[in-house]
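Asks: work-v9.cif (mmCIF, C-alpha atoms and all ligand atoms) pasted underneath:
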data_coords
loop_
_atom_site.group_PDB
_atom_site.id
_atom_site.type_symbol
_atom_site.label_atom_id
_atom_site.label_comp_id
_atom_site.auth_asym_id
_atom_site.auth_seq_id
_atom_site.Cartn_x
_atom_site.Cartn_y
_atom_site.Cartn_z
ATOM 1 C CA MET A 244 30.871 -11.615 -11.001
ATOM 2 C CA LYS A 245 30.832 -12.949 -7.435
ATOM 3 C CA GLN A 246 31.075 -10.061 -5.006
ATOM 4 C CA SER A 247 33.440 -10.368 -2.074
ATOM 5 C CA VAL A 248 34.955 -8.308 0.702
ATOM 6 C CA LEU A 249 37.697 -7.426 -1.789
ATOM 7 C CA THR A 250 35.286 -6.100 -4.434
ATOM 8 C CA PHE A 251 33.580 -4.011 -1.719
ATOM 9 C CA LYS A 252 36.982 -2.603 -0.673
ATOM 10 C CA LYS A 253 37.893 -1.847 -4.301
ATOM 11 C CA MET A 254 34.573 -0.087 -4.879
ATOM 12 C CA LYS A 255 35.323 2.286 -2.008
ATOM 13 C CA GLU A 256 38.851 2.891 -3.335
ATOM 14 C CA ASP A 257 37.472 3.582 -6.841
ATOM 15 C CA GLY A 258 34.678 5.826 -5.527
ATOM 16 C CA LYS A 259 31.979 3.459 -6.848
ATOM 17 C CA LYS A 260 28.797 3.260 -4.783
ATOM 18 C CA ILE A 261 27.745 -0.069 -3.274
ATOM 19 C CA SER A 262 24.039 -1.048 -3.442
ATOM 20 C CA MET A 263 22.618 -3.497 -0.923
ATOM 21 C CA LEU A 264 19.085 -4.641 -0.134
ATOM 22 C CA THR A 265 17.667 -6.983 2.443
ATOM 23 C CA ALA A 266 16.063 -10.267 1.388
ATOM 24 C CA TYR A 267 14.690 -13.188 3.352
ATOM 25 C CA ASP A 268 13.601 -15.737 0.741
ATOM 26 C CA TYR A 269 14.898 -17.638 -2.290
ATOM 27 C CA SER A 270 12.747 -16.029 -5.029
ATOM 28 C CA THR A 271 13.404 -12.417 -3.993
ATOM 29 C CA ALA A 272 17.128 -13.084 -3.550
ATOM 30 C CA LYS A 273 17.260 -14.638 -7.040
ATOM 31 C CA LEU A 274 15.529 -11.616 -8.594
ATOM 32 C CA MET A 275 17.889 -9.217 -6.828
ATOM 33 C CA ASP A 276 20.893 -11.288 -7.838
ATOM 34 C CA GLU A 277 19.763 -11.357 -11.474
ATOM 35 C CA ALA A 278 19.302 -7.567 -11.322
ATOM 36 C CA GLY A 279 22.959 -7.294 -10.279
ATOM 37 C CA ILE A 280 22.673 -6.094 -6.661
ATOM 38 C CA HIS A 281 26.116 -6.002 -5.002
ATOM 39 C CA GLY A 282 25.115 -7.307 -1.590
ATOM 40 C CA ILE A 283 22.113 -8.902 0.106
ATOM 41 C CA LEU A 284 21.616 -8.665 3.842
ATOM 42 C CA VAL A 285 19.485 -11.246 5.569
ATOM 43 C CA GLY A 286 18.711 -8.750 8.300
ATOM 44 C CA ASP A 287 17.115 -9.544 11.618
ATOM 45 C CA SER A 288 14.574 -6.974 10.376
ATOM 46 C CA LEU A 289 12.900 -10.194 9.222
ATOM 47 C CA GLY A 290 11.459 -10.112 12.740
ATOM 48 C CA ASN A 291 9.398 -7.071 11.680
ATOM 49 C CA VAL A 292 8.657 -7.635 8.017
ATOM 50 C CA MET A 293 8.435 -11.447 7.845
ATOM 51 C CA LEU A 294 7.361 -12.487 11.334
ATOM 52 C CA GLY A 295 5.321 -9.463 12.446
ATOM 53 C CA TYR A 296 7.201 -8.719 15.694
ATOM 54 C CA GLU A 297 7.377 -5.125 16.924
ATOM 55 C CA ASP A 298 11.174 -5.230 17.083
ATOM 56 C CA THR A 299 14.075 -7.566 16.361
ATOM 57 C CA ILE A 300 14.577 -8.796 19.925
ATOM 58 C CA PRO A 301 12.666 -12.123 19.577
ATOM 59 C CA VAL A 302 14.543 -13.251 16.426
ATOM 60 C CA THR A 303 16.441 -16.526 16.940
ATOM 61 C CA MET A 304 19.480 -18.193 15.396
ATOM 62 C CA GLN A 305 17.133 -20.781 13.868
ATOM 63 C CA ASP A 306 15.128 -17.972 12.176
ATOM 64 C CA MET A 307 18.347 -16.564 10.691
ATOM 65 C CA ILE A 308 19.438 -20.001 9.472
ATOM 66 C CA THR A 309 16.060 -20.823 7.897
ATOM 67 C CA PHE A 310 15.681 -17.505 6.025
ATOM 68 C CA GLY A 311 19.439 -17.115 5.443
ATOM 69 C CA SER A 312 19.889 -20.475 3.753
ATOM 70 C CA ALA A 313 16.947 -19.716 1.418
ATOM 71 C CA VAL A 314 18.635 -16.460 0.362
ATOM 72 C CA SER A 315 22.035 -18.126 -0.095
ATOM 73 C CA ARG A 316 20.458 -20.652 -2.470
ATOM 74 C CA GLY A 317 19.006 -17.810 -4.570
ATOM 75 C CA ALA A 318 22.008 -15.467 -4.660
ATOM 76 C CA LYS A 319 24.854 -16.622 -6.862
ATOM 77 C CA ASN A 320 26.802 -13.367 -7.268
ATOM 78 C CA ALA A 321 25.729 -10.983 -4.539
ATOM 79 C CA LEU A 322 27.654 -10.951 -1.268
ATOM 80 C CA VAL A 323 25.298 -12.567 1.254
ATOM 81 C CA VAL A 324 25.614 -11.112 4.750
ATOM 82 C CA ILE A 325 23.552 -12.667 7.546
ATOM 83 C CA ASP A 326 22.744 -10.958 10.855
ATOM 84 C CA LEU A 327 23.692 -12.407 14.198
ATOM 85 C CA PRO A 328 20.453 -11.931 16.169
ATOM 86 C CA PHE A 329 20.026 -10.436 19.649
ATOM 87 C CA MET A 330 21.905 -12.376 22.353
ATOM 88 C CA SER A 331 23.662 -14.671 19.894
ATOM 89 C CA TYR A 332 27.026 -12.849 20.285
ATOM 90 C CA GLN A 333 26.855 -10.493 23.280
ATOM 91 C CA ILE A 334 27.510 -13.114 25.978
ATOM 92 C CA SER A 335 31.078 -14.058 25.052
ATOM 93 C CA THR A 336 33.537 -14.201 22.183
ATOM 94 C CA ALA A 337 33.152 -17.996 22.188
ATOM 95 C CA GLN A 338 29.387 -17.692 21.757
ATOM 96 C CA ALA A 339 29.870 -15.134 18.969
ATOM 97 C CA LEU A 340 32.342 -17.343 17.113
ATOM 98 C CA GLU A 341 30.184 -20.442 17.436
ATOM 99 C CA ASN A 342 27.095 -18.667 16.069
ATOM 100 C CA ALA A 343 29.012 -16.880 13.296
ATOM 101 C CA GLY A 344 30.311 -20.305 12.291
ATOM 102 C CA ARG A 345 26.759 -21.688 12.208
ATOM 103 C CA LEU A 346 25.647 -18.889 9.849
ATOM 104 C CA MET A 347 28.529 -19.792 7.517
ATOM 105 C CA LYS A 348 28.073 -23.577 7.673
ATOM 106 C CA GLU A 349 24.312 -23.964 8.041
ATOM 107 C CA ALA A 350 23.044 -20.869 6.190
ATOM 108 C CA GLY A 351 25.729 -20.402 3.527
ATOM 109 C CA ALA A 352 26.641 -16.839 4.554
ATOM 110 C CA ASP A 353 29.561 -15.049 2.891
ATOM 111 C CA ALA A 354 29.832 -12.760 5.923
ATOM 112 C CA VAL A 355 28.035 -12.014 9.178
ATOM 113 C CA LYS A 356 26.840 -8.738 10.694
ATOM 114 C CA LEU A 357 26.589 -7.713 14.321
ATOM 115 C CA GLU A 358 25.550 -4.512 16.071
ATOM 116 C CA GLY A 359 27.722 -2.315 18.267
ATOM 117 C CA GLY A 360 30.973 -0.376 18.344
ATOM 118 C CA ALA A 361 33.863 -0.627 20.805
ATOM 119 C CA SER A 362 31.918 -3.010 23.073
ATOM 120 C CA VAL A 363 31.775 -5.755 20.417
ATOM 121 C CA CYS A 364 35.326 -5.343 19.066
ATOM 122 C CA PRO A 365 36.564 -8.480 20.888
ATOM 123 C CA GLN A 366 33.815 -10.440 19.065
ATOM 124 C CA ILE A 367 34.693 -8.855 15.692
ATOM 125 C CA LYS A 368 38.367 -9.747 16.194
ATOM 126 C CA VAL A 369 37.741 -13.360 17.200
ATOM 127 C CA ILE A 370 35.305 -13.943 14.309
ATOM 128 C CA THR A 371 37.528 -12.365 11.633
ATOM 129 C CA ASP A 372 40.610 -14.158 13.015
ATOM 130 C CA ALA A 373 38.694 -17.401 12.412
ATOM 131 C CA GLY A 374 38.287 -16.490 8.733
ATOM 132 C CA ILE A 375 34.746 -15.113 8.814
ATOM 133 C CA PRO A 376 34.228 -11.605 7.391
ATOM 134 C CA VAL A 377 32.313 -9.267 9.716
ATOM 135 C CA MET A 378 30.165 -6.286 8.783
ATOM 136 C CA ALA A 379 29.751 -3.958 11.777
ATOM 137 C CA HIS A 380 26.653 -1.833 12.454
ATOM 138 C CA ILE A 381 26.609 1.370 14.498
ATOM 139 C CA GLY A 382 24.226 4.262 15.135
ATOM 140 C CA LEU A 383 20.548 3.426 15.565
ATOM 141 C CA THR A 384 21.151 -0.263 16.189
ATOM 142 C CA PRO A 385 17.676 -1.827 16.506
ATOM 143 C CA GLN A 386 18.765 -4.530 18.975
ATOM 144 C CA SER A 387 19.441 -1.695 21.484
ATOM 145 C CA VAL A 388 16.036 -0.055 21.007
ATOM 146 C CA ASN A 389 15.242 -0.526 24.709
ATOM 147 C CA VAL A 390 18.405 1.321 25.764
ATOM 148 C CA PHE A 391 17.674 4.156 23.302
ATOM 149 C CA GLY A 392 14.068 4.404 24.544
ATOM 150 C CA GLY A 393 12.686 3.952 21.030
ATOM 151 C CA PHE A 394 13.837 4.173 17.414
ATOM 152 C CA LYS A 395 15.654 7.507 17.831
ATOM 153 C CA ILE A 396 18.270 9.111 15.581
ATOM 154 C CA GLN A 397 21.724 8.746 17.167
ATOM 155 C CA GLY A 398 24.862 10.929 17.140
ATOM 156 C CA LYS A 399 23.156 14.304 17.368
ATOM 157 C CA SER A 400 25.226 15.769 20.221
ATOM 158 C CA ARG A 401 28.945 16.544 19.930
ATOM 159 C CA GLU A 402 29.799 13.742 22.392
ATOM 160 C CA ALA A 403 27.537 11.209 20.699
ATOM 161 C CA ALA A 404 28.941 12.076 17.261
ATOM 162 C CA LEU A 405 32.528 11.747 18.539
ATOM 163 C CA LYS A 406 31.629 8.362 20.084
ATOM 164 C CA LEU A 407 30.269 7.160 16.727
ATOM 165 C CA ILE A 408 33.442 8.288 14.919
ATOM 166 C CA GLU A 409 35.524 6.437 17.535
ATOM 167 C CA ASP A 410 33.304 3.344 17.230
ATOM 168 C CA ALA A 411 33.770 3.316 13.441
ATOM 169 C CA LYS A 412 37.555 3.480 13.824
ATOM 170 C CA ASN A 413 37.453 0.766 16.480
ATOM 171 C CA VAL A 414 35.429 -1.700 14.390
ATOM 172 C CA GLU A 415 37.765 -1.132 11.446
ATOM 173 C CA GLU A 416 40.777 -1.794 13.662
ATOM 174 C CA ALA A 417 39.123 -4.936 15.058
ATOM 175 C CA GLY A 418 38.885 -6.305 11.497
ATOM 176 C CA ALA A 419 35.412 -5.439 10.169
ATOM 177 C CA PHE A 420 35.368 -5.271 6.359
ATOM 178 C CA ALA A 421 32.483 -2.745 6.234
ATOM 179 C CA VAL A 422 30.209 -0.889 8.624
ATOM 180 C CA VAL A 423 26.511 -0.081 8.436
ATOM 181 C CA LEU A 424 25.667 3.445 9.616
ATOM 182 C CA GLU A 425 22.017 3.585 10.601
ATOM 183 C CA GLY A 426 19.898 6.560 11.645
ATOM 184 C CA ILE A 427 22.564 9.223 12.107
ATOM 185 C CA PRO A 428 22.982 12.782 10.742
ATOM 186 C CA SER A 429 24.377 12.835 7.184
ATOM 187 C CA SER A 430 27.261 15.129 8.109
ATOM 188 C CA VAL A 431 28.424 12.737 10.857
ATOM 189 C CA ALA A 432 28.209 9.826 8.368
ATOM 190 C CA GLU A 433 30.326 11.874 5.942
ATOM 191 C CA ILE A 434 33.054 12.409 8.569
ATOM 192 C CA ILE A 435 33.044 8.683 9.383
ATOM 193 C CA THR A 436 33.184 7.729 5.693
ATOM 194 C CA ASN A 437 36.210 9.972 5.199
ATOM 195 C CA SER A 438 37.924 8.791 8.408
ATOM 196 C CA ILE A 439 38.061 5.054 7.738
ATOM 197 C CA ASN A 440 39.277 2.811 4.918
ATOM 198 C CA ILE A 441 36.436 0.279 5.005
ATOM 199 C CA PRO A 442 33.151 0.977 3.152
ATOM 200 C CA THR A 443 30.294 2.611 5.048
ATOM 201 C CA ILE A 444 26.823 1.352 4.100
ATOM 202 C CA GLY A 445 24.153 3.881 5.030
ATOM 203 C CA ILE A 446 20.514 3.555 5.974
ATOM 204 C CA GLY A 447 19.111 6.858 7.113
ATOM 205 C CA ALA A 448 22.677 8.206 7.092
ATOM 206 C CA GLY A 449 22.750 10.387 3.978
ATOM 207 C CA ALA A 450 24.291 10.347 0.531
ATOM 208 C CA GLU A 451 27.974 10.536 1.452
ATOM 209 C CA CYS A 452 28.210 6.902 2.594
ATOM 210 C CA ASP A 453 30.098 4.500 0.317
ATOM 211 C CA GLY A 454 26.922 2.502 -0.217
ATOM 212 C CA GLN A 455 23.256 2.293 0.705
ATOM 213 C CA ILE A 456 20.938 -0.383 2.010
ATOM 214 C CA LEU A 457 17.146 -0.511 2.262
ATOM 215 C CA VAL A 458 14.743 -3.096 3.624
ATOM 216 C CA ASN A 459 13.159 -4.575 0.491
ATOM 217 C CA GLN A 460 9.560 -4.449 1.740
ATOM 218 C CA ASP A 461 10.049 -0.713 2.385
ATOM 219 C CA MET A 462 11.441 0.087 -1.064
ATOM 220 C CA PHE A 463 8.887 -2.114 -2.833
ATOM 221 C CA GLY A 464 5.964 -0.553 -0.924
ATOM 222 C CA MET A 465 5.000 -3.834 0.758
ATOM 223 C CA PHE A 466 5.251 -2.830 4.424
ATOM 224 C CA SER A 467 3.120 -0.073 5.880
ATOM 225 C CA ASP A 468 3.264 -0.626 9.692
ATOM 226 C CA PHE A 469 5.724 2.285 9.839
ATOM 227 C CA THR A 470 7.695 4.121 7.144
ATOM 228 C CA PRO A 471 10.801 6.016 8.288
ATOM 229 C CA LYS A 472 11.714 9.300 6.564
ATOM 230 C CA PHE A 473 14.796 7.772 4.905
ATOM 231 C CA VAL A 474 12.730 5.248 2.937
ATOM 232 C CA LYS A 475 12.090 5.818 -0.752
ATOM 233 C CA ARG A 476 9.531 3.630 -2.485
ATOM 234 C CA TYR A 477 10.756 2.450 -5.893
ATOM 235 C CA ALA A 478 7.581 0.480 -6.603
ATOM 236 C CA GLU A 479 4.079 -0.001 -5.247
ATOM 237 C CA ILE A 480 4.098 -3.799 -5.203
ATOM 238 C CA GLY A 481 1.772 -3.846 -2.175
ATOM 239 C CA LYS A 482 -0.930 -1.958 -4.115
ATOM 240 C CA GLU A 483 -0.352 -4.160 -7.158
ATOM 241 C CA MET A 484 -0.708 -7.300 -4.997
ATOM 242 C CA LYS A 485 -4.011 -6.044 -3.556
ATOM 243 C CA ARG A 486 -5.299 -5.307 -7.077
ATOM 244 C CA ALA A 487 -4.287 -8.803 -8.248
ATOM 245 C CA ILE A 488 -5.936 -10.414 -5.213
ATOM 246 C CA ALA A 489 -9.190 -8.531 -5.919
ATOM 247 C CA ASP A 490 -9.084 -9.578 -9.618
ATOM 248 C CA TYR A 491 -8.439 -13.198 -8.631
ATOM 249 C CA MET A 492 -11.368 -13.243 -6.187
ATOM 250 C CA GLU A 493 -13.677 -11.736 -8.800
ATOM 251 C CA GLU A 494 -12.666 -14.319 -11.418
ATOM 252 C CA VAL A 495 -13.102 -17.200 -8.960
ATOM 253 C CA GLU A 496 -16.539 -15.835 -8.049
ATOM 254 C CA ASP A 497 -17.502 -15.467 -11.739
ATOM 255 C CA GLY A 498 -16.084 -18.880 -12.734
ATOM 256 C CA VAL A 499 -13.625 -17.213 -15.140
ATOM 257 C CA PHE A 500 -10.676 -18.773 -13.345
ATOM 258 C CA PRO A 501 -9.451 -21.453 -13.870
ATOM 259 C CA ALA A 502 -9.833 -21.110 -17.666
ATOM 260 C CA GLU A 503 -9.395 -23.976 -20.188
ATOM 261 C CA CYS A 504 -5.643 -23.293 -20.405
ATOM 262 C CA ASN A 505 -5.234 -23.724 -16.636
ATOM 263 C CA GLN A 506 -6.835 -27.184 -16.556
ATOM 264 C CA TYR A 507 -5.585 -30.780 -17.078
ATOM 265 C CA LYS A 508 -7.180 -33.129 -19.630
ATOM 266 C CA ILE A 509 -7.991 -36.810 -19.789
ATOM 267 C CA SER A 510 -8.815 -38.618 -23.047
ATOM 268 C CA ASP A 511 -12.499 -38.707 -24.119
ATOM 269 C CA ASP A 512 -12.433 -42.549 -24.355
ATOM 270 C CA ILE A 513 -11.239 -42.951 -20.792
ATOM 271 C CA MET A 514 -13.804 -40.407 -19.648
ATOM 272 C CA LEU A 515 -16.585 -42.318 -21.360
ATOM 273 C CA GLU A 516 -15.562 -45.539 -19.621
ATOM 274 C CA LEU A 517 -15.167 -43.747 -16.322
ATOM 275 C CA ARG A 518 -18.649 -42.228 -16.572
ATOM 276 C CA LYS A 519 -20.145 -45.648 -17.286
ATOM 277 C CA GLU A 520 -18.334 -47.188 -14.324
ATOM 278 C CA VAL A 521 -19.282 -44.388 -11.956
ATOM 279 C CA GLU A 522 -22.892 -44.592 -13.060
ATOM 280 C CA ILE A 523 -22.833 -48.407 -12.484
ATOM 281 C CA ILE A 524 -21.419 -47.913 -8.989
HETATM 282 O O1 LIG B 601 18.177 -5.981 9.969
HETATM 283 C C1 LIG B 601 18.353 -5.209 9.014
HETATM 284 O O2 LIG B 601 17.640 -5.238 8.005
HETATM 285 C C2 LIG B 601 19.445 -4.259 9.110
HETATM 286 C C3 LIG B 601 19.484 -3.169 8.100
HETATM 287 C C4 LIG B 601 18.423 -2.191 8.388
HETATM 288 C C5 LIG B 601 20.815 -2.550 7.987
HETATM 289 O O3 LIG B 601 20.248 -4.349 9.987
#
Will you turn the file into structure tokens for me?
Replies:
Amino acid sequence: MKQSVLTFKKMKEDGKKISMLTAYDYSTAKLMDEAGIHGILVGDSLGNVMLGYEDTIPVTMQDMITFGSAVSRGAKNALVVIDLPFMSYQISTAQALENAGRLMKEAGADAVKLEGGASVCPQIKVITDAGIPVMAHIGLTPQSVNVFGGFKIQGKSREAALKLIEDAKNVEEAGAFAVVLEGIPSSVAEIITNSINIPTIGIGAGAECDGQILVNQDMFGMFSDFTPKFVKRYAEIGKEMKRAIADYMEEVEDGVFPAECNQYKISDDIMLELRKEVEII
């Protein structure tokens, strides 16, 4: 069944948890879709895990369109949400709307995501008014890493927690259909989840959120540059890839690969003629 903003809303109402993962390519998105994942986020985390940047600041609209369109082609049922990258929406509501429109038209997004609370509500309103669903994102928003002075857990003081609760209410009022809560204390995430009617999707925000999201390379054990405490590895694909690479190299070295079954044939008669001709030449 094709997931939509309505199925996400209904899941919250029915108390059913929403599962999301990030993906950045066609094959992974197809596997996730076939496994029945509810939503796929083409996150600007692709800057870290696909492009090797230290943060998400350098990611461009073209990056999001290239990776996003690959995911949209692979995901038939999951709700595909694509991130608006740094400085593609902060300048003005017109800029935000234009770039949100590009992610829908050029990358096949079902919805877009942007970071920020009250300060980006004008953008959320303009984009949703134009018929584009918006997922908000508050807490440890990676595009603001330089303001936070590093990847630090947010909402730990009374004032900061109250600001997050206000931000969540503001993005809901502006029209967001869901909100990602990243890197905040679980008890603050629980208050937010119980204070708003749109689903909260947590990452490092505890078990009381309406849904969860993880970066796929983290949960598959394929990214080891840094591993936050909230990550759980559900597989060790990285180790398995290294084992396969070592086996492959050994078989190439030993002449075991390619075997007969991996090779193409030509008829013996043609080969005979060919040999004669080559010898003549
Ligand atoms: O870019 C991303 O992958 C994200 C998730 C961590 C929520 O924003």
Asks: As a quick test: using only C-alpha atoms and all ligand atoms, which residues lie no more than 8 Å away from ligand LIG 601 (chain B)? Give them as a PyMOL selection string.
Replies: chain A and resi 265+284-289+299+326+356+380+384-385+423-425+445-446+456-458
Asks: Restricting the output to C-alpha atoms, write the selected residues as an mmCIF file, keeping the file's coordinate frame.
Replies:
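The new file selection20.cif reads:
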data_model
loop_
_atom_site.group_PDB
_atom_site.id
_atom_site.type_symbol
_atom_site.label_atom_id
_atom_site.label_comp_id
_atom_site.auth_asym_id
_atom_site.auth_seq_id
_atom_site.Cartn_x
_atom_site.Cartn_y
_atom_site.Cartn_z
ATOM 1 C CA THR A 265 17.667 -6.983 2.443
ATOM 2 C CA LEU A 284 21.616 -8.665 3.842
ATOM 3 C CA VAL A 285 19.485 -11.246 5.569
ATOM 4 C CA GLY A 286 18.711 -8.750 8.300
ATOM 5 C CA ASP A 287 17.115 -9.544 11.618
ATOM 6 C CA SER A 288 14.574 -6.974 10.376
ATOM 7 C CA LEU A 289 12.900 -10.194 9.222
ATOM 8 C CA THR A 299 14.075 -7.566 16.361
ATOM 9 C CA ASP A 326 22.744 -10.958 10.855
ATOM 10 C CA LYS A 356 26.840 -8.738 10.694
ATOM 11 C CA HIS A 380 26.653 -1.833 12.454
ATOM 12 C CA THR A 384 21.151 -0.263 16.189
ATOM 13 C CA PRO A 385 17.676 -1.827 16.506
ATOM 14 C CA VAL A 423 26.511 -0.081 8.436
ATOM 15 C CA LEU A 424 25.667 3.445 9.616
ATOM 16 C CA GLU A 425 22.017 3.585 10.601
ATOM 17 C CA GLY A 445 24.153 3.881 5.030
ATOM 18 C CA ILE A 446 20.514 3.555 5.974
ATOM 19 C CA ILE A 456 20.938 -0.383 2.010
ATOM 20 C CA LEU A 457 17.146 -0.511 2.262
ATOM 21 C CA VAL A 458 14.743 -3.096 3.624
#
Asks: List every residue of stretch 412-452 of chain A that has an atom at most 8 Å from any atom of stretch 368-374 of chain A, and for each one report the closest atom pair and its distance in Å to one decimal, counting all atoms listed in the file, with rows sorted by chain and then by increasing residue number, as a Markdown table.
Replies:
| residue | atom | partner | partner_atom | distance |
| --- | --- | --- | --- | --- |
| A:Ala417 | CA | A:Lys368 | CA | 5.0 |
| A:Gly418 | CA | A:Lys368 | CA | 5.8 |
| A:Ala419 | CA | A:Thr371 | CA | 7.4 |
Asks: Neighbours of stretch 430-439 of chain A within 6 Å (all atoms listed in the file; same-chain residues fewer than 2 positions away dropped), as a short mmCIF file (atom, residue, chain, number, x, y, z; two decimals) with C-alpha atoms, keeping the file's coordinate frame?
Replies:
data_model
loop_
_atom_site.label_atom_id
_atom_site.label_comp_id
_atom_site.auth_asym_id
_atom_site.auth_seq_id
_atom_site.Cartn_x
_atom_site.Cartn_y
_atom_site.Cartn_z
CA ILE A 408 33.44 8.29 14.92
CA PRO A 428 22.98 12.78 10.74
CA ILE A 441 36.44 0.28 5.00
CA THR A 443 30.29 2.61 5.05
CA ALA A 448 22.68 8.21 7.09
CA GLU A 451 27.97 10.54 1.45
CA CYS A 452 28.21 6.90 2.59
#
Asks: A:Pro442, A:Gly282, A:Pro301, A:Gly295: which is nearest A:Ala352, counting only C-alpha atoms?
Replies: A:Gly282
Asks: Please measure the separation of atom CA of A:Pro328 and atom CA of A:Thr470, giving the value in Å to one decimal.
Replies: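 Rounded to one decimal, the two atoms are 22.4 Å apart.
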Asks: Skipping near chain neighbours, those fewer than 3 positions away, what residues fall within 12 Å of A:Leu264 using only C-alpha atoms, listed as a ChimeraX atom specification?
Replies: /A:261,267,271-272,274-276,278-286,288,314,321-325,444-446,454-463
Asks: Could you expand the PyMOL selection byres (((chain A and resi 357) around 6) and not hetatm) into the explicit residues it covers here, written as JSON, numbers by chain?
Replies: {"A": [327, 356, 358, 379]}
Asks: Let me see the file: selected residues, C-alpha atoms, as an mmCIF file, keeping the file's coordinate frame.
Replies:
data_model
loop_
_atom_site.group_PDB
_atom_site.id
_atom_site.type_symbol
_atom_site.label_atom_id
_atom_site.label_comp_id
_atom_site.auth_asym_id
_atom_site.auth_seq_id
_atom_site.Cartn_x
_atom_site.Cartn_y
_atom_site.Cartn_z
ATOM 1 C CA LEU A 327 23.692 -12.407 14.198
ATOM 2 C CA LYS A 356 26.840 -8.738 10.694
ATOM 3 C CA GLU A 358 25.550 -4.512 16.071
ATOM 4 C CA ALA A 379 29.751 -3.958 11.777
#
Asks: Between atom CA of A:Ile300 and atom CA of A:Gly344, measure the distance and give it in Å to one decimal.
Replies: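 A separation of 20.9 Å between them.
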Asks: Convert the output of the PyMOL selection byres (((chain A and resi 397) around 10) and not hetatm) on the shown file into explicit residues, formatted as number ranges by chain.
Replies: A: 381-384, 391, 394-396, 398-400, 403-404, 407, 425-428
Asks: Pull the neighbourhood of (21.6, -19.2, 3.2) for me: all residues within 6 Å in file coordinates, counting only C-alpha atoms, as number ranges by chain.
Replies: A: 311-316, 350-352
Asks: Figure out the distance between atom CA of A:Phe420 and atom CA of A:Met378, please, to one decimal in Å.
Replies: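 Interatomic distance, atom CA of A:Met378 to atom CA of A:Phe420: 5.8 Å.
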Asks: Which one is closest to A:Gln386: A:Glu479, A:Glu520, A:Asp353, A:Glu297? Count all atoms listed in the file.
Replies: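 Closest candidate: A:Glu297.
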Asks: Which one of A:Ala411, A:Ile488, A:Met244, A:Val422 sits closest to A:Asn320 if you count all atoms listed in the file?
Replies: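 Using all atoms listed in the file, the shortest distance to A:Asn320 belongs to A:Met244.
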Asks: Which one is closest to A:Met484: A:Met465, A:Met254, A:Met514, A:Leu346? Count all atoms listed in the file.
Replies: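 Residue with the minimum atom-to-atom distance to A:Met484: A:Met465.
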Asks: Return the single residue from A:Ala318, A:Asp512, A:Glu415, A:Gly464 that is closest to A:Arg476, with distances computed using only C-alpha atoms.
Replies: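 Smallest separation from A:Arg476 among the options: A:Gly464.
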Asks: Would you mind telling me which residue in A:Ala266, A:Phe500, A:Val355, A:Gly481 lies nearest to A:Ser467 when using all atoms listed in the file?
Replies: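 Of the candidates, the smallest distance to A:Ser467 is held by A:Gly481.
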Asks: Mind checking which residues fall within 9 Å of A:Ser331, counting all atoms listed in the file, ignoring those fewer than 5 positions away in the same chain, and posting them as JSON, numbers by chain?
Replies: {"A": [303, 304, 338, 339, 342, 343]}
Asks: Hey, could you pull the box centre and edge lengths for stretch 394-413 of chain A, axis-aligned, 3 Å padding per side, all listed atoms, to one decimal in Å, as JSON?
Replies:
{"center_x": 25.7, "center_y": 8.7, "center_z": 17.9, "size_x": 29.7, "size_y": 21.8, "size_z": 15.0}
Asks: Using the incomplete input, complete stretch 256-266 of chain A to the level of N, CA and C atoms; output as a PDB file, keeping the file's coordinate frame.
Replies:
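Contents of selection.pdb, freshly written:
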ATOM      1  N   GLU A 256      37.614   2.258  -2.828  1.00  0.00           N
ATOM      2  CA  GLU A 256      38.851   2.891  -3.335  1.00  0.00           C
ATOM      3  C   GLU A 256      38.597   3.614  -4.661  1.00  0.00           C
ATOM      4  N   ASP A 257      37.742   2.999  -5.511  1.00  0.00           N
ATOM      5  CA  ASP A 257      37.472   3.582  -6.841  1.00  0.00           C
ATOM      6  C   ASP A 257      36.348   4.622  -6.809  1.00  0.00           C
ATOM      7  N   GLY A 258      35.774   4.845  -5.639  1.00  0.00           N
ATOM      8  CA  GLY A 258      34.678   5.826  -5.527  1.00  0.00           C
ATOM      9  C   GLY A 258      33.394   5.352  -6.176  1.00  0.00           C
ATOM     10  N   LYS A 259      33.229   3.998  -6.271  1.00  0.00           N
ATOM     11  CA  LYS A 259      31.979   3.459  -6.848  1.00  0.00           C
ATOM     12  C   LYS A 259      31.029   3.103  -5.720  1.00  0.00           C
ATOM     13  N   LYS A 260      29.765   3.492  -5.855  1.00  0.00           N
ATOM     14  CA  LYS A 260      28.797   3.260  -4.783  1.00  0.00           C
ATOM     15  C   LYS A 260      28.364   1.793  -4.725  1.00  0.00           C
ATOM     16  N   ILE A 261      28.168   1.319  -3.508  1.00  0.00           N
ATOM     17  CA  ILE A 261      27.745  -0.069  -3.274  1.00  0.00           C
ATOM     18  C   ILE A 261      26.236  -0.073  -2.992  1.00  0.00           C
ATOM     19  N   SER A 262      25.491  -0.941  -3.679  1.00  0.00           N
ATOM     20  CA  SER A 262      24.039  -1.048  -3.442  1.00  0.00           C
ATOM     21  C   SER A 262      23.728  -2.374  -2.762  1.00  0.00           C
ATOM     22  N   MET A 263      23.052  -2.280  -1.624  1.00  0.00           N
ATOM     23  CA  MET A 263      22.618  -3.497  -0.923  1.00  0.00           C
ATOM     24  C   MET A 263      21.125  -3.411  -0.630  1.00  0.00           C
ATOM     25  N   LEU A 264      20.489  -4.556  -0.549  1.00  0.00           N
ATOM     26  CA  LEU A 264      19.085  -4.641  -0.134  1.00  0.00           C
ATOM     27  C   LEU A 264      18.970  -5.805   0.839  1.00  0.00           C
ATOM     28  N   THR A 265      17.913  -5.803   1.630  1.00  0.00           N
ATOM     29  CA  THR A 265      17.667  -6.983   2.443  1.00  0.00           C
ATOM     30  C   THR A 265      16.811  -7.963   1.631  1.00  0.00           C
ATOM     31  N   ALA A 266      16.971  -9.242   1.938  1.00  0.00           N
ATOM     32  CA  ALA A 266      16.063 -10.267   1.388  1.00  0.00           C
ATOM     33  C   ALA A 266      15.980 -11.380   2.418  1.00  0.00           C
TER      34      ALA A 266
END
